[in-house]
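Engineer: Please see the structure below; I have some questions.
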Amino acid sequence: MNIFDTFVLPCLCSFAACAAFGVQFNIRAWNLLGAALGAVISQLIFSVAEHMGLTGGMCCFIAAAAVSAYSEILARRCKVPVNMFLVIGIIPLVPGGLTYYACLSLVSGEREAFLERASLAFAEAGSIAMGIFAVSSVFKVAVDLYREHIEHKNLKAMKK
Amino acid sequence: MLIAGGAEIYRVEDTARRICNAYGHTEAQLYATPANFIITLKDKSGCPLTDTRTVLSRSDDLNRVALINRLSRKICAEKPSADKIMAEIENIKQTKGYSKLVIYISYFTVGFAFAVYFGGSAIEAAFGGLLGLTVCFIREMLDRVRASAFLKAVACSTVISFMAVGFYELGIVPRFDKMIIGATMTMVPGIAMVNSMRDFISGDFISGLYTLTEALLTAAGLAVGVGSAVASAIHL
């Protein structure tokens with residue numbers, strides 16, 4: 001196994017590409033670095049999961065869940081919107097290659113290859129969405145509870 | 001303005017509600033979608049006041065969202081006068097984005113890095129970057145005539161696919177697929193995808209569907225453009 005090709009190169013590429021993506025969305029300085037690091041994290045987790053023999057959908061789910069946890073935490077610490085990190089973080093997971101080859105087999109009339117690739121691409125895209133969904137829902141509930149707790153505290157303090 | 005910068009609907013509604021609460025309007029009712037925004041307040045005599053805004057154009061400016069987020073925190077904490085707030089908003093509007101050159105470089109980098117990522121060689125990556133730049137130019141041109149996201153996706157992906165196949169036919173690059181993938185990655189509707197998920201989570205299903213449709217249409221546009229261009233180029 002070649003460590004450079006399996007792990008290091010994809011991470012480097014993700015870092016560069018996602019930092020550049022952040023520039024397009026006008027993300028600034030430290031936030032840009034945080035966002036690009038998020039992309040590296042998701043890429044690394046994806047590569048490791050893939051290396052362990054998980055299916056593409058599972059890899060995407062785990063990586064998306066991890067990167068949304070990362071974004072939620074970092075965004076609260078830096079007091080910036082969560083999607084600043086999340087949008088960039090999931091970009092390495094987007095099944096661009098699969099979608100392309102699905103298109104290609106569609107236009108060249110290979111119906112079975114198209115169905116296989118398209119269903120894989122859909123599964124990966126759906127898994128990314130579900131990964132975000134799972135983690136962000138939990139965070140939302142946690143944050144709402146925390147806010148209620150703080151308000152409750154404030155009320156008590158005011159009564160005293 | 002938050003909507004125009006690419007924020008989730010939850011953030012828009014939450015921000016507006018907090019600001020209203022900060023100024024003592026606890027009965028504010030608001031409704032926001034990616035295309036419009038309605039807010040109703042009650043004045044002292046209980047007479048309702050409504051303001052409706054239509055959002056004409058949106059861009060992907062997350063920095064602006066972050067700045068307004070900060071401003072709204074400040075508003076809630078300090079309750080400044082209306083003049084001061086308008087001045088601050090004007091300030092944010094004036095905040096410069098990255099310069100043209102940096103944006104061109106970023107498009108090049110995305111195309112380049114993703115071509116490498118999908119297994120392209122150095123020369124393929126360089127041309128992938130070039131195609132990324134082309135995407136940027138076409139987008140700018142179409143932005144000027146206010147083209148829809150779908151049209152932009154179709155136009156960009158068609159042109160870059162033809163260019164990629166052209167380079168391949170000229171014998172400059174060994175394969176054309178990595179370059180096309182790399183360059184189409186510059187157009188992935190990332191913000192729309194993430195925002196629609198977050199809208200669904202916070203229960204704004206209409207907004208979620210709206211942005212999800214936008215994301216899917218853009219992706220379909222990319223597929224249409226690449227597919228048709230590559231198919232016709234192969235048959236030529």
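All residue names refer to the structure tokens as shown: chains lettered A, B, ... in order, residues numbered from 1 in each chain, ligands numbered from 1 in order.
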Show me, as JSON, numbers by chain, the residues that have an atom within 12 Å of Ser71 of chain A when counting only C-alpha atoms, minus same-chain residues fewer than 2 positions from it.
Structural biologist: {"A": [31, 34, 35, 36, 37, 38, 39, 41, 42, 64, 65, 66, 67, 68, 69, 73, 74, 75, 76, 77, 78, 79, 80, 81, 82, 83, 84, 85, 86, 87, 88, 89, 90, 132, 135, 136, 139], "B": [194]}
Engineer: Take the residues that were just selected and, keeping N, CA, C and O atoms, output them as a compact mmCIF listing (two decimals), in the first residue's frame.
Structural biologist:
```
# COMPACT_ATOMS: atom_id res chain seq x y z
N ASN A 31 -10.96 31.91 9.27
CA ASN A 31 -12.11 31.08 8.97
C ASN A 31 -11.83 30.20 7.75
O ASN A 31 -12.24 29.05 7.68
N GLY A 34 -9.77 27.34 8.85
CA GLY A 34 -10.60 26.37 9.57
C GLY A 34 -11.45 25.55 8.62
O GLY A 34 -11.57 24.33 8.76
N ALA A 35 -12.00 26.23 7.60
CA ALA A 35 -12.85 25.53 6.64
C ALA A 35 -12.05 24.51 5.85
O ALA A 35 -12.47 23.36 5.67
N ALA A 36 -10.86 24.91 5.41
CA ALA A 36 -10.04 24.00 4.62
C ALA A 36 -9.58 22.82 5.47
O ALA A 36 -9.51 21.68 4.99
N LEU A 37 -9.30 23.08 6.75
CA LEU A 37 -8.94 21.97 7.64
C LEU A 37 -10.10 21.00 7.80
O LEU A 37 -9.90 19.78 7.86
N GLY A 38 -11.31 21.55 7.85
CA GLY A 38 -12.49 20.70 7.92
C GLY A 38 -12.55 19.77 6.72
O GLY A 38 -12.86 18.58 6.83
N ALA A 39 -12.22 20.32 5.56
CA ALA A 39 -12.22 19.51 4.34
C ALA A 39 -11.18 18.40 4.45
O ALA A 39 -11.42 17.26 4.05
N ILE A 41 -10.13 17.03 7.21
CA ILE A 41 -10.64 16.04 8.15
C ILE A 41 -11.61 15.10 7.46
O ILE A 41 -11.51 13.87 7.57
N SER A 42 -12.56 15.67 6.70
CA SER A 42 -13.54 14.80 6.07
C SER A 42 -12.87 13.89 5.05
O SER A 42 -13.19 12.71 4.95
N ALA A 64 -19.17 12.87 6.70
CA ALA A 64 -20.04 14.04 6.78
C ALA A 64 -20.45 14.30 8.22
O ALA A 64 -20.49 15.45 8.67
N ALA A 65 -20.72 13.22 8.96
CA ALA A 65 -21.10 13.39 10.37
C ALA A 65 -19.95 14.02 11.14
O ALA A 65 -20.14 14.96 11.91
N ALA A 66 -18.74 13.53 10.89
CA ALA A 66 -17.58 14.05 11.61
C ALA A 66 -17.37 15.52 11.28
O ALA A 66 -17.16 16.35 12.18
N VAL A 67 -17.46 15.85 10.00
CA VAL A 67 -17.16 17.24 9.64
C VAL A 67 -18.28 18.16 10.11
O VAL A 67 -18.03 19.31 10.44
N SER A 68 -19.52 17.66 10.21
CA SER A 68 -20.52 18.59 10.73
C SER A 68 -20.35 18.80 12.22
O SER A 68 -20.58 19.91 12.70
N ALA A 69 -19.91 17.77 12.95
CA ALA A 69 -19.60 17.99 14.36
C ALA A 69 -18.48 19.01 14.50
O ALA A 69 -18.56 19.96 15.30
N ILE A 73 -18.89 22.76 16.30
CA ILE A 73 -18.08 23.15 17.45
C ILE A 73 -17.25 24.38 17.12
O ILE A 73 -17.24 25.38 17.86
N LEU A 74 -16.57 24.34 15.99
CA LEU A 74 -15.69 25.45 15.63
C LEU A 74 -16.49 26.74 15.43
O LEU A 74 -16.06 27.81 15.85
N ALA A 75 -17.68 26.61 14.81
CA ALA A 75 -18.48 27.80 14.55
C ALA A 75 -18.92 28.45 15.86
O ALA A 75 -18.93 29.67 15.99
N ARG A 76 -19.27 27.63 16.86
CA ARG A 76 -19.68 28.20 18.13
C ARG A 76 -18.50 28.88 18.80
O ARG A 76 -18.63 29.91 19.43
N ARG A 77 -17.32 28.28 18.69
CA ARG A 77 -16.13 28.87 19.30
C ARG A 77 -15.78 30.20 18.64
O ARG A 77 -15.40 31.15 19.33
N CYS A 78 -15.85 30.25 17.31
CA CYS A 78 -15.45 31.46 16.58
C CYS A 78 -16.60 32.44 16.42
O CYS A 78 -16.43 33.52 15.91
N LYS A 79 -17.80 32.04 16.84
CA LYS A 79 -18.99 32.88 16.69
C LYS A 79 -19.21 33.30 15.25
O LYS A 79 -19.35 34.48 14.93
N VAL A 80 -19.19 32.34 14.36
CA VAL A 80 -19.55 32.60 12.96
C VAL A 80 -20.58 31.55 12.55
O VAL A 80 -20.73 30.54 13.23
N PRO A 81 -21.30 31.79 11.45
CA PRO A 81 -22.30 30.81 11.02
C PRO A 81 -21.68 29.44 10.73
O PRO A 81 -20.57 29.36 10.20
N VAL A 82 -22.42 28.39 11.09
CA VAL A 82 -21.91 27.03 10.92
C VAL A 82 -21.64 26.72 9.46
O VAL A 82 -20.67 26.05 9.12
N ASN A 83 -22.52 27.23 8.56
CA ASN A 83 -22.38 26.76 7.18
C ASN A 83 -21.09 27.25 6.52
O ASN A 83 -20.68 26.73 5.50
N MET A 84 -20.45 28.24 7.13
CA MET A 84 -19.17 28.68 6.61
C MET A 84 -18.18 27.51 6.54
O MET A 84 -17.44 27.35 5.57
N PHE A 85 -18.16 26.69 7.59
CA PHE A 85 -17.23 25.54 7.61
C PHE A 85 -17.83 24.32 6.93
O PHE A 85 -17.15 23.56 6.27
N LEU A 86 -19.14 24.17 7.12
CA LEU A 86 -19.79 22.94 6.65
C LEU A 86 -19.82 22.86 5.13
O LEU A 86 -19.53 21.81 4.55
N VAL A 87 -20.13 23.99 4.49
CA VAL A 87 -20.22 24.00 3.03
C VAL A 87 -18.90 23.54 2.42
O VAL A 87 -18.86 22.71 1.51
N ILE A 88 -17.80 24.07 2.96
CA ILE A 88 -16.49 23.72 2.43
C ILE A 88 -16.12 22.29 2.82
O ILE A 88 -15.54 21.54 2.03
N GLY A 89 -16.49 21.93 4.06
CA GLY A 89 -16.07 20.64 4.57
C GLY A 89 -16.59 19.44 3.80
O GLY A 89 -15.93 18.42 3.70
N ILE A 90 -17.79 19.55 3.22
CA ILE A 90 -18.35 18.38 2.55
C ILE A 90 -17.93 18.30 1.09
O ILE A 90 -18.20 17.30 0.44
N ILE A 132 -25.01 15.00 7.78
CA ILE A 132 -25.22 16.36 8.29
C ILE A 132 -26.48 16.38 9.15
O ILE A 132 -26.49 16.93 10.25
N VAL A 135 -26.07 14.72 12.77
CA VAL A 135 -25.29 15.45 13.76
C VAL A 135 -25.89 16.81 14.06
O VAL A 135 -26.03 17.21 15.22
N SER A 136 -26.30 17.53 13.00
CA SER A 136 -26.80 18.88 13.23
C SER A 136 -28.10 18.88 14.03
O SER A 136 -28.32 19.78 14.84
N PHE A 139 -27.13 18.56 17.58
CA PHE A 139 -26.56 19.81 18.07
C PHE A 139 -27.63 20.86 18.32
O PHE A 139 -27.56 21.61 19.27
N VAL B 194 -26.07 22.41 1.55
CA VAL B 194 -25.96 22.49 3.01
C VAL B 194 -27.12 23.29 3.59
O VAL B 194 -27.73 22.89 4.59
```
Engineer: Going by DSSP on the backbone, which residues of segment 45-148 of chain B come out as strand (DSSP E)? List them as a list in words.
Structural biologist: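 Answer for segment 45-148 of chain B restricted to strand (DSSP E) is Pro48, Leu49, Thr50, Asp51, Thr52, Arg53 and Thr54 of chain B.
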Engineer: Taking N, CA, C and O atoms for each residue, export the selection above as a PDB file, in the first residue's frame.
Structural biologist:
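See again05.pdb below for the written result:
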```pdb
ATOM      1  N   PRO B  48     -51.198  46.879  13.583  1.00  0.00           N
ATOM      2  CA  PRO B  48     -50.106  46.116  12.969  1.00  0.00           C
ATOM      3  C   PRO B  48     -49.374  46.893  11.871  1.00  0.00           C
ATOM      4  O   PRO B  48     -49.987  47.617  11.101  1.00  0.00           O
ATOM      5  N   LEU B  49     -48.085  46.720  11.836  1.00  0.00           N
ATOM      6  CA  LEU B  49     -47.249  47.316  10.794  1.00  0.00           C
ATOM      7  C   LEU B  49     -46.575  46.179  10.047  1.00  0.00           C
ATOM      8  O   LEU B  49     -45.969  45.320  10.665  1.00  0.00           O
ATOM      9  N   THR B  50     -46.688  46.172   8.724  1.00  0.00           N
ATOM     10  CA  THR B  50     -46.101  45.068   7.961  1.00  0.00           C
ATOM     11  C   THR B  50     -45.120  45.599   6.933  1.00  0.00           C
ATOM     12  O   THR B  50     -45.341  46.636   6.323  1.00  0.00           O
ATOM     13  N   ASP B  51     -44.041  44.871   6.783  1.00  0.00           N
ATOM     14  CA  ASP B  51     -43.084  45.216   5.741  1.00  0.00           C
ATOM     15  C   ASP B  51     -42.772  43.943   4.956  1.00  0.00           C
ATOM     16  O   ASP B  51     -42.529  42.892   5.545  1.00  0.00           O
ATOM     17  N   THR B  52     -42.859  44.028   3.658  1.00  0.00           N
ATOM     18  CA  THR B  52     -42.576  42.862   2.823  1.00  0.00           C
ATOM     19  C   THR B  52     -41.431  43.191   1.882  1.00  0.00           C
ATOM     20  O   THR B  52     -41.406  44.268   1.292  1.00  0.00           O
ATOM     21  N   ARG B  53     -40.508  42.277   1.783  1.00  0.00           N
ATOM     22  CA  ARG B  53     -39.388  42.488   0.860  1.00  0.00           C
ATOM     23  C   ARG B  53     -39.268  41.292  -0.072  1.00  0.00           C
ATOM     24  O   ARG B  53     -39.437  40.155   0.365  1.00  0.00           O
ATOM     25  N   THR B  54     -38.979  41.567  -1.318  1.00  0.00           N
ATOM     26  CA  THR B  54     -38.680  40.486  -2.240  1.00  0.00           C
ATOM     27  C   THR B  54     -37.173  40.460  -2.468  1.00  0.00           C
ATOM     28  O   THR B  54     -36.550  41.503  -2.627  1.00  0.00           O
TER      29      THR B  54
END
```
Engineer: For each of B:Ser106, B:Val188, B:Ser72, B:Lys93, take the minimum atom-to-atom distance to Ala149 of chain B, counting only C-alpha atoms, then give the residue where this is smallest.
Structural biologist: B:Val188
Engineer: Which polymer residues have any atom within 7 Å of an atom of Val116 of chain B, counting only C-alpha atoms, with same-chain residues fewer than 4 positions away left out, as a PDB file with all heavy atoms, in the first residue's frame?
Structural biologist:
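Resulting contents of selection15.pdb:
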```pdb
ATOM      1  N   CYS A  13      -4.787  17.715  -1.909  1.00  0.00           N
ATOM      2  CA  CYS A  13      -5.663  18.240  -2.970  1.00  0.00           C
ATOM      3  C   CYS A  13      -6.902  18.862  -2.369  1.00  0.00           C
ATOM      4  O   CYS A  13      -7.322  19.952  -2.777  1.00  0.00           O
ATOM      5  CB  CYS A  13      -6.086  17.129  -3.914  1.00  0.00           C
ATOM      6  SG  CYS A  13      -4.762  16.553  -4.931  1.00  0.00           S
TER       7      CYS A  13
ATOM      8  N   PHE B 112      -7.459  22.615 -10.838  1.00  0.00           N
ATOM      9  CA  PHE B 112      -6.169  21.926 -10.796  1.00  0.00           C
ATOM     10  C   PHE B 112      -6.192  20.816  -9.743  1.00  0.00           C
ATOM     11  O   PHE B 112      -5.915  19.647 -10.026  1.00  0.00           O
ATOM     12  CB  PHE B 112      -5.076  22.946 -10.463  1.00  0.00           C
ATOM     13  CG  PHE B 112      -3.687  22.416 -10.525  1.00  0.00           C
ATOM     14  CD1 PHE B 112      -2.957  22.513 -11.702  1.00  0.00           C
ATOM     15  CD2 PHE B 112      -3.101  21.836  -9.413  1.00  0.00           C
ATOM     16  CE1 PHE B 112      -1.672  22.029 -11.775  1.00  0.00           C
ATOM     17  CE2 PHE B 112      -1.817  21.342  -9.476  1.00  0.00           C
ATOM     18  CZ  PHE B 112      -1.098  21.440 -10.660  1.00  0.00           C
ATOM     19  N   GLY B 120      -5.579  12.626 -12.150  1.00  0.00           N
ATOM     20  CA  GLY B 120      -5.000  13.185 -13.359  1.00  0.00           C
ATOM     21  C   GLY B 120      -3.504  13.430 -13.206  1.00  0.00           C
ATOM     22  O   GLY B 120      -2.995  13.551 -12.095  1.00  0.00           O
ATOM     23  N   SER B 121      -2.801  13.507 -14.325  1.00  0.00           N
ATOM     24  CA  SER B 121      -1.373  13.814 -14.287  1.00  0.00           C
ATOM     25  C   SER B 121      -1.197  15.332 -14.261  1.00  0.00           C
ATOM     26  O   SER B 121      -2.162  16.086 -14.266  1.00  0.00           O
ATOM     27  CB  SER B 121      -0.688  13.221 -15.517  1.00  0.00           C
ATOM     28  OG  SER B 121      -1.254  13.791 -16.666  1.00  0.00           O
ATOM     29  N   ALA B 125      -3.889  18.260 -15.015  1.00  0.00           N
ATOM     30  CA  ALA B 125      -4.279  19.169 -13.946  1.00  0.00           C
ATOM     31  C   ALA B 125      -4.148  20.611 -14.400  1.00  0.00           C
ATOM     32  O   ALA B 125      -5.022  21.439 -14.128  1.00  0.00           O
ATOM     33  CB  ALA B 125      -3.414  18.915 -12.716  1.00  0.00           C
TER      34      ALA B 125
END
```
Engineer: Report as JSON lines: every residue of chain B with an atom at most 7 Å from chain A, its closest pair of atoms, and their distance in Å to one decimal, counting only C-alpha atoms, with rows sorted by chain and ascending residue number.
Structural biologist:
```
{"residue": "B:Asp60", "atom": "CA", "partner": "A:Phe25", "partner_atom": "CA", "distance": 5.2}
{"residue": "B:Asp61", "atom": "CA", "partner": "A:Phe25", "partner_atom": "CA", "distance": 5.1}
{"residue": "B:Leu62", "atom": "CA", "partner": "A:Phe25", "partner_atom": "CA", "distance": 5.8}
{"residue": "B:Asn63", "atom": "CA", "partner": "A:Ile27", "partner_atom": "CA", "distance": 5.2}
{"residue": "B:Ala66", "atom": "CA", "partner": "A:Val80", "partner_atom": "CA", "distance": 5.4}
{"residue": "B:Gly97", "atom": "CA", "partner": "A:Asn26", "partner_atom": "CA", "distance": 6.1}
{"residue": "B:Tyr98", "atom": "CA", "partner": "A:Asn26", "partner_atom": "CA", "distance": 6.6}
{"residue": "B:Ile103", "atom": "CA", "partner": "A:Gln24", "partner_atom": "CA", "distance": 6.2}
{"residue": "B:Ser106", "atom": "CA", "partner": "A:Ala20", "partner_atom": "CA", "distance": 4.3}
{"residue": "B:Tyr107", "atom": "CA", "partner": "A:Ala20", "partner_atom": "CA", "distance": 6.8}
{"residue": "B:Thr109", "atom": "CA", "partner": "A:Ala17", "partner_atom": "CA", "distance": 5.9}
{"residue": "B:Val110", "atom": "CA", "partner": "A:Ala17", "partner_atom": "CA", "distance": 4.3}
{"residue": "B:Ala113", "atom": "CA", "partner": "A:Cys13", "partner_atom": "CA", "distance": 4.9}
{"residue": "B:Phe114", "atom": "CA", "partner": "A:Cys13", "partner_atom": "CA", "distance": 6.6}
{"residue": "B:Val116", "atom": "CA", "partner": "A:Cys13", "partner_atom": "CA", "distance": 7.0}
{"residue": "B:Tyr117", "atom": "CA", "partner": "A:Pro10", "partner_atom": "CA", "distance": 5.6}
{"residue": "B:Ile181", "atom": "CA", "partner": "A:Gly97", "partner_atom": "CA", "distance": 6.1}
{"residue": "B:Met185", "atom": "CA", "partner": "A:Gly96", "partner_atom": "CA", "distance": 6.6}
{"residue": "B:Gly190", "atom": "CA", "partner": "A:Val87", "partner_atom": "CA", "distance": 5.5}
{"residue": "B:Ile191", "atom": "CA", "partner": "A:Val87", "partner_atom": "CA", "distance": 5.6}
{"residue": "B:Val194", "atom": "CA", "partner": "A:Val87", "partner_atom": "CA", "distance": 5.9}
{"residue": "B:Met197", "atom": "CA", "partner": "A:Phe133", "partner_atom": "CA", "distance": 6.6}
{"residue": "B:Ile201", "atom": "CA", "partner": "A:Ser137", "partner_atom": "CA", "distance": 6.0}
{"residue": "B:Ala223", "atom": "CA", "partner": "A:Cys103", "partner_atom": "CA", "distance": 6.2}
{"residue": "B:Gly227", "atom": "CA", "partner": "A:Cys103", "partner_atom": "CA", "distance": 5.5}
{"residue": "B:Ala231", "atom": "CA", "partner": "A:Val107", "partner_atom": "CA", "distance": 5.8}
```
Engineer: Hey, can you spit out that residue selection with C-alpha atoms as an mmCIF file, in the first residue's frame?
Structural biologist:
```cif
data_model
loop_
_atom_site.group_PDB
_atom_site.id
_atom_site.type_symbol
_atom_site.label_atom_id
_atom_site.label_comp_id
_atom_site.auth_asym_id
_atom_site.auth_seq_id
_atom_site.Cartn_x
_atom_site.Cartn_y
_atom_site.Cartn_z
ATOM 1 C CA ASP B 60 -22.552 33.318 -2.222
ATOM 2 C CA ASP B 61 -20.990 35.663 0.265
ATOM 3 C CA LEU B 62 -20.553 33.875 3.570
ATOM 4 C CA ASN B 63 -18.318 36.621 4.918
ATOM 5 C CA ALA B 66 -20.830 36.393 9.318
ATOM 6 C CA GLY B 97 -14.528 40.852 -1.442
ATOM 7 C CA TYR B 98 -11.373 39.238 -2.708
ATOM 8 C CA ILE B 103 -10.756 34.770 -7.467
ATOM 9 C CA SER B 106 -8.971 30.230 -6.783
ATOM 10 C CA TYR B 107 -10.940 28.908 -9.760
ATOM 11 C CA THR B 109 -6.693 26.007 -8.067
ATOM 12 C CA VAL B 110 -10.026 24.211 -7.708
ATOM 13 C CA ALA B 113 -6.471 20.256 -7.402
ATOM 14 C CA PHE B 114 -9.554 18.250 -8.272
ATOM 15 C CA VAL B 116 -5.108 15.683 -9.425
ATOM 16 C CA TYR B 117 -7.540 14.367 -6.842
ATOM 17 C CA ILE B 181 -14.473 16.332 -13.493
ATOM 18 C CA MET B 185 -16.313 20.503 -9.314
ATOM 19 C CA GLY B 190 -22.387 23.365 -2.023
ATOM 20 C CA ILE B 191 -24.113 26.246 -0.256
ATOM 21 C CA VAL B 194 -25.964 22.487 3.011
ATOM 22 C CA MET B 197 -30.339 20.364 4.889
ATOM 23 C CA ILE B 201 -33.534 20.379 10.320
ATOM 24 C CA ALA B 223 -25.025 16.583 -16.064
ATOM 25 C CA GLY B 227 -23.385 14.615 -21.200
ATOM 26 C CA ALA B 231 -21.726 12.719 -26.583
#
```
Engineer: Using only C-alpha atoms, which protein or nucleic acid residues come within 9 Å of Cys59 of chain A? Drop anything in the same chain fewer than 5 positions from it, and give the result as a PDB file with N, CA, C and O atoms, in the first residue's frame.
Structural biologist:
```
ATOM      1  N   ILE A  45     -10.948  11.063   6.959  1.00  0.00           N
ATOM      2  CA  ILE A  45     -11.852  10.051   7.495  1.00  0.00           C
ATOM      3  C   ILE A  45     -12.421   9.206   6.368  1.00  0.00           C
ATOM      4  O   ILE A  45     -12.524   7.984   6.462  1.00  0.00           O
ATOM      5  N   PHE A  46     -12.747   9.872   5.265  1.00  0.00           N
ATOM      6  CA  PHE A  46     -13.268   9.138   4.110  1.00  0.00           C
ATOM      7  C   PHE A  46     -12.241   8.118   3.619  1.00  0.00           C
ATOM      8  O   PHE A  46     -12.565   6.945   3.402  1.00  0.00           O
ATOM      9  N   SER A  47     -10.989   8.561   3.489  1.00  0.00           N
ATOM     10  CA  SER A  47      -9.951   7.660   2.978  1.00  0.00           C
ATOM     11  C   SER A  47      -9.751   6.468   3.905  1.00  0.00           C
ATOM     12  O   SER A  47      -9.645   5.326   3.456  1.00  0.00           O
ATOM     13  N   VAL A  48      -9.686   6.765   5.212  1.00  0.00           N
ATOM     14  CA  VAL A  48      -9.466   5.690   6.176  1.00  0.00           C
ATOM     15  C   VAL A  48     -10.613   4.690   6.123  1.00  0.00           C
ATOM     16  O   VAL A  48     -10.403   3.471   6.052  1.00  0.00           O
ATOM     17  N   ALA A  49     -11.861   5.229   6.099  1.00  0.00           N
ATOM     18  CA  ALA A  49     -13.027   4.342   6.081  1.00  0.00           C
ATOM     19  C   ALA A  49     -13.029   3.508   4.812  1.00  0.00           C
ATOM     20  O   ALA A  49     -13.344   2.320   4.830  1.00  0.00           O
ATOM     21  N   GLU A  50     -12.667   4.135   3.702  1.00  0.00           N
ATOM     22  CA  GLU A  50     -12.647   3.421   2.445  1.00  0.00           C
ATOM     23  C   GLU A  50     -11.588   2.323   2.485  1.00  0.00           C
ATOM     24  O   GLU A  50     -11.792   1.209   2.006  1.00  0.00           O
ATOM     25  N   LEU A  54     -15.207  -0.147   3.885  1.00  0.00           N
ATOM     26  CA  LEU A  54     -16.615   0.230   3.972  1.00  0.00           C
ATOM     27  C   LEU A  54     -17.113   0.668   2.599  1.00  0.00           C
ATOM     28  O   LEU A  54     -16.330   1.053   1.737  1.00  0.00           O
ATOM     29  N   ALA A  64     -19.173  12.868   6.702  1.00  0.00           N
ATOM     30  CA  ALA A  64     -20.041  14.040   6.783  1.00  0.00           C
ATOM     31  C   ALA A  64     -20.451  14.300   8.221  1.00  0.00           C
ATOM     32  O   ALA A  64     -20.493  15.447   8.668  1.00  0.00           O
ATOM     33  N   LEU A  93     -16.306  15.257  -0.381  1.00  0.00           N
ATOM     34  CA  LEU A  93     -17.109  14.030  -0.372  1.00  0.00           C
ATOM     35  C   LEU A  93     -18.045  13.952  -1.564  1.00  0.00           C
ATOM     36  O   LEU A  93     -18.561  12.886  -1.894  1.00  0.00           O
ATOM     37  N   GLU A 124     -24.279   8.102  -2.259  1.00  0.00           N
ATOM     38  CA  GLU A 124     -23.266   8.902  -1.577  1.00  0.00           C
ATOM     39  C   GLU A 124     -23.794  10.287  -1.239  1.00  0.00           C
ATOM     40  O   GLU A 124     -23.604  10.792  -0.122  1.00  0.00           O
ATOM     41  N   SER A 127     -26.082  10.018   1.586  1.00  0.00           N
ATOM     42  CA  SER A 127     -25.391   9.745   2.848  1.00  0.00           C
ATOM     43  C   SER A 127     -24.774  11.010   3.419  1.00  0.00           C
ATOM     44  O   SER A 127     -24.780  11.207   4.642  1.00  0.00           O
TER      45      SER A 127
END
```
Engineer: From a DSSP pass on the backbone, collect the residues of segment 84-131 of chain A flagged as alpha helix (DSSP H) and hand them back as a ChimeraX atom specification.
Structural biologist: /A:84-89,96-107,111-131
Engineer: For atom CA of Ser161 of chain B and atom CA of Gly126 of chain A, quote the distance in Å rounded to one decimal.
Structural biologist: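 Atom CA of Gly126 of chain A lies 26.4 Å from atom CA of Ser161 of chain B.
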Engineer: May I have the residues within 8 Å of Cys76 of chain B as a list in words, using only C-alpha atoms and disregarding those fewer than 2 positions away in the same chain?
Structural biologist: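 Surrounding residues, per the criterion: Arg18, Ile19, Ala22, Ser72, Arg73, Lys74, Glu78 and Lys79 of chain B.
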Engineer: Please determine, counting only C-alpha atoms, which residue among B:Gly129, B:Ser196, B:Asp204, B:Ala233 has the shortest atom-to-atom distance to Tyr168 of chain B.
Structural biologist: B:Ala233
Engineer: What is the distance, in Å and to one decimal place, between atom CA of Thr158 of chain B and atom CA of Thr218 of chain B?
Structural biologist: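 Between atom CA of Thr158 of chain B and atom CA of Thr218 of chain B the gap is 13.2 Å.
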Engineer: Go through B:Leu222, B:Glu169, B:Leu133, B:Ala229 and flag the residue nearest Val102 of chain B, using only C-alpha atoms for the distances.
Structural biologist: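 That would be B:Leu133, the residue with the smallest distance to Val102 of chain B.
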Engineer: Tell me which protein, DNA and RNA residues are within 10 Å of Leu71 of chain B, counting only C-alpha atoms, leaving out same-chain ones fewer than 3 positions away, and put them as a list in words.
Structural biologist: Val65, Ala66, Leu67, Ile68, Lys74, Ile75, Cys76, Ala77, Ile85, Glu88, Ile89 and Ile92 of chain B
Engineer: So that I have them on file, write out the residues from the current selection with N, CA and C atoms, as a JSON list (two decimals), in the first residue's frame.
Structural biologist:
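Written output follows (result-v1.json):
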```
[["chain", "number", "residue", "atom", "x", "y", "z"],
["B", 65, "VAL", "N", -22.55, 37.22, 5.59],
["B", 65, "VAL", "CA", -23.43, 36.61, 6.58],
["B", 65, "VAL", "C", -22.80, 36.68, 7.97],
["B", 66, "ALA", "N", -21.51, 36.38, 8.03],
["B", 66, "ALA", "CA", -20.83, 36.39, 9.32],
["B", 66, "ALA", "C", -20.80, 37.80, 9.89],
["B", 67, "LEU", "N", -20.55, 38.80, 9.05],
["B", 67, "LEU", "CA", -20.48, 40.18, 9.53],
["B", 67, "LEU", "C", -21.84, 40.64, 10.06],
["B", 68, "ILE", "N", -22.91, 40.30, 9.32],
["B", 68, "ILE", "CA", -24.24, 40.71, 9.77],
["B", 68, "ILE", "C", -24.62, 39.99, 11.05],
["B", 74, "LYS", "N", -24.40, 42.59, 18.25],
["B", 74, "LYS", "CA", -24.09, 43.89, 18.81],
["B", 74, "LYS", "C", -25.39, 44.67, 19.03],
["B", 75, "ILE", "N", -26.29, 44.60, 18.04],
["B", 75, "ILE", "CA", -27.55, 45.33, 18.16],
["B", 75, "ILE", "C", -28.31, 44.85, 19.39],
["B", 76, "CYS", "N", -28.35, 43.52, 19.56],
["B", 76, "CYS", "CA", -29.10, 42.99, 20.70],
["B", 76, "CYS", "C", -28.47, 43.41, 22.02],
["B", 77, "ALA", "N", -27.15, 43.51, 22.05],
["B", 77, "ALA", "CA", -26.48, 43.82, 23.31],
["B", 77, "ALA", "C", -26.53, 45.31, 23.61],
["B", 85, "ILE", "N", -27.12, 51.91, 13.01],
["B", 85, "ILE", "CA", -27.24, 50.60, 12.38],
["B", 85, "ILE", "C", -27.12, 50.73, 10.87],
["B", 88, "GLU", "N", -23.62, 51.10, 9.89],
["B", 88, "GLU", "CA", -22.90, 49.83, 9.98],
["B", 88, "GLU", "C", -23.22, 48.94, 8.78],
["B", 89, "ILE", "N", -24.52, 48.91, 8.41],
["B", 89, "ILE", "CA", -24.91, 48.06, 7.29],
["B", 89, "ILE", "C", -24.25, 48.55, 6.01],
["B", 92, "ILE", "N", -20.83, 47.30, 5.94],
["B", 92, "ILE", "CA", -20.72, 45.89, 5.54],
["B", 92, "ILE", "C", -20.89, 45.75, 4.04]]
```
